[in-house]
Protein chains: 2
Amino acid sequence: MTENNLLIVHGGGPTAVINASLYGAIIEAKKYPWLNHIYAARNGTGGLLNEDFIRLDEACAEDLKLLLQTPGSAIGSSRDEINADDYDRMAEILQRNNIRYVLFNGGNGTMDTCGKLYKACKNKRLDIKVMGIPKTIDNDISITDHSPGYGSASRYIAQSVKEICADVKSLPIHVVVVEASGRNAGWITAAAALADDGDGLGPDLVYLPERPFDEERFIEDVRGLLEKKKGIVVVASEGLKNAKGEPVVEPVFRTERAVYFGDVSAHLAQLVIKRLGYKARSEKPGLLGRVSIALQSRIDRDEAIFAGELACRAALQGESGKMVAFKRISTSPYEIEPFLVDIDQVMLNERTMPDDFINEAGNGVTEKFKAWCGPLIGEKLDKMISFN
Amino acid sequence: MTENNLLIVHGGGPTAVINASLYGAIIEAKKYPWLNHIYAARNGTGGLLNEDFIRLDEACAEDLKLLLQTPGSAIGSSRDEINADDYDRMAEILQRNNIRYVLFNGGNGTMDTCGKLYKACKNKRLDIKVMGIPKTIDNDISITDHSPGYGSASRYIAQSVKEICADVKSLPIHVVVVEASGRNAGWITAAAALADDGDGLGPDLVYLPERPFDEERFIEDVRGLLEKKKGIVVVASEGLKNAKGEPVVEPVFRTERAVYFGDVSAHLAQLVIKRLGYKARSEKPGLLGRVSIALQSRIDRDEAIFAGELACRAALQGESGKMVAFKRISTSPYEIEPFLVDIDQVMLNERTMPDDFINEAGNGVTEKFKAWCGPLIGEKLDKMISFN
């Protein structure tokens, strides 16, 4: 009798809860006694193509629990370039290893791979179920209300900006520019606005990549605020572009393999000093925004586990070529409903912020966005006190 | 009958536990029924000179507890320039307001102010007790084993670098340079080495401002490591200088009021791309390293409370012109003993890392440093798991 094996593959940059989805998938898979092995592709699709599998069915419960507090990807991940004929090879490898179920945990690029592998298996008439688990800090996967990973990235930026605002308020000597992740989509940057949950400790200005960045308007925005208060906190997307669609920071230099842009936050801080003669500094937490376990959103983590479980269960029940997605039933009280979406509806279809989530001036978000995003960051932010 | 009042003043940049010392001082002061009012100088010495006082004796217990989880300074802080004759004015203001006890919570600059005010009061034969509470993330106050604020800054950088290492290990495509605070003293930068508590998730290279930074050696260090592994994590002090004592990053520009240096981390990442043609990125958490409540060190917070209590008690018992300091009795098990040091022994006497805490190659720390610093970051860092 041949084996029934399941394979989990991680793709792209990790999130604070990618391993929580892995946990959910493994816990679900372990419920099926007829499943012989739970494999992971070591370091993503590269591991799959090299038949380099990690055996996960032997992991003890205690180790599995640690997945919930481990950043990065506990089975490795990849940004491999995949050629058209790689999909046929992948399908053959799956068949040879009696892998009948494959779960891809990743963002838009990974869902593209997931969809193409699904088609390759179908063309070869192989009975292999291929399912996608959404994962991205950037929240740029379409159809789903939001993706696991985003809530934690949001909690990180909201709490961090709140803390910076408390610092700046107590020693208001400079303009502080905080750089947030998300090159084309402003979801994370926007979440910084959740810092202010009624105590005034929130960013003064928020610039999203969905709106062209105008240097003159930025200077006027800051100048206007400096007339009223001394310490200003600005949050800016790493991907700000001008009206021509060019990055606001010029490339510092180019090599054969990479273009090196300067940091947007440093650039804006320099502008403030140069143009307004006011002290300014920049903070760029960068990768820290996707690895912080202390600032994981509990709801995000729970949903990540759930997405892993659900993708696994759906595959084992015969679903294929689909991704787990969430539908927002209600915002207050917060309620979502999972559903499965055809993978070709989400493949490489980057979702940016809708207009009604961005304020008219293009330097902040709307209450509608705050209401929508609020539940995703989990528990309320730490309460603070000021006697000043 | 005249009043007996106490005044608390914060100076310089906040730490994650400056408000914990404030809490300790207030709680202690509230124990003395003959003390009429507990004041804070609004926004530091400026508030003192303007007789702008915040009444703290009316704060309720619940609000006071929030001080333990509030970053920034809850009574404001300052970097005011103080003129020689300001000290006499301060002394007169204290006398006029029946302030018999003054607690200064701050770093080297604030201890300088504290010492000068002590002398001004003494010269005027005023019965005013002036005490210092050490506070700095940079750990550059001399005599004391360490200062409140440093433990939390250390926990922040250690946990953050550990998390970045987990991310880089799972997707090893670049050299990551993390910038740490401390322009002249490498204490915080060095604490990044505590990330590796036996699981290998620690920085590969650590560059401190105590050693001249040699670009060629840096490139060779990275090149050598890249032959063995693909993802490298470097931690560099914001204050790196070359053999001539010049900052390694040239000033981007100067204005009348400020010199704007580029970021060291961005500079080193660019060097890696230019010289080695390898992907590199930089992270600069900056202010986040002194405001994170989630990564407060519990021991640091307890010691901060204790230092506040002790300075208050000592003042009320008649001590003056002194700062609370800690003596290390034992490292394992960790034990400290508080003592009072004459303020003129610590005034503006910046302490850097001793030689035996820095490795021979000048690109890391010694086990002796790790043993010394270990207890200060509090509880063990989050345990992580890898199946890769």
# chains A, B, ... in the order shown; residues from 1 in each chain; ligands from 1
call {"tool": "select_by_dssp", "arguments": {"residues": "region 193-344 of chain A", "states": "helix (DSSP H, G or I)", "output": "PyMOL selection string"}}
result
chain A and resi 193-195+215-226+264-276+288-291+298-316+343-344
call {"tool": "interface_residues", "arguments": {"of": "chain B", "to": "chain A", "cutoff": "6 Å", "atoms": "only C-alpha atoms", "output": "PyMOL selection string"}}
result
chain B and resi 66+70+72-78+163+166-167+170-171+283-286+291+294+384-388
call {"tool": "residues_around", "arguments": {"residues": "Arg155 (chain B)", "least_positions_apart": "3", "cutoff": "7 Å", "atoms": "only C-alpha atoms", "output": "NGL selection string"}}
result
:B and (151-152 or 158-159 or 295-297 or 377)
call {"tool": "residues_around", "arguments": {"residues": "Arg125 (chain B)", "least_positions_apart": "6", "cutoff": "12 Å", "atoms": "only C-alpha atoms", "output": "list in words"}}
result
Asp88, Ala91, Glu92, Gln95, Tyr118 and Lys119 of chain B
call {"tool": "atom_distance", "arguments": {"atom1": "CA of Met323 (chain B)", "atom2": "CA of Lys30 (chain B)"}}
result
20.9 Å
call {"tool": "closest_residue", "arguments": {"among": "A:Trp187, A:Pro338, A:Ala243, A:Ser265", "to": "Glu309 (chain A)", "atoms": "only C-alpha atoms"}}
result
A:Pro338
call {"tool": "select_by_dssp", "arguments": {"residues": "region 69-316 of chain B", "states": "strand (DSSP E)", "output": "VMD selection string"}}
result
chain B and resid 99 to 106 129 to 134 175 to 180 205 to 207 232 to 237 251 to 254 259 to 261 280 to 283
call {"tool": "atom_distance", "arguments": {"atom1": "CA of Phe369 (chain B)", "atom2": "CA of Val264 (chain B)"}}
result
23.7 Å
call {"tool": "residues_around", "arguments": {"residues": "Ser21 (chain B)", "least_positions_apart": "5", "cutoff": "6 Å", "atoms": "only C-alpha atoms", "output": "PyMOL selection string"}}
result
chain B and resi 304-305+308
call {"tool": "residues_around", "arguments": {"residues": "Ala84 (chain A)", "least_positions_apart": "2", "cutoff": "12 Å", "atoms": "only C-alpha atoms", "output": "ChimeraX atom specification"}}
result
/A:81-82,86-90,112-113,116-117,119-120
call {"tool": "residues_around", "arguments": {"residues": "Cys312 (chain B)", "least_positions_apart": "3", "cutoff": "8 Å", "atoms": "only C-alpha atoms", "output": "list in words"}}
result
Ala25, Glu28, Ala29, Leu103, Met131, Gly308, Glu309, Ala315 and Leu316 of chain B
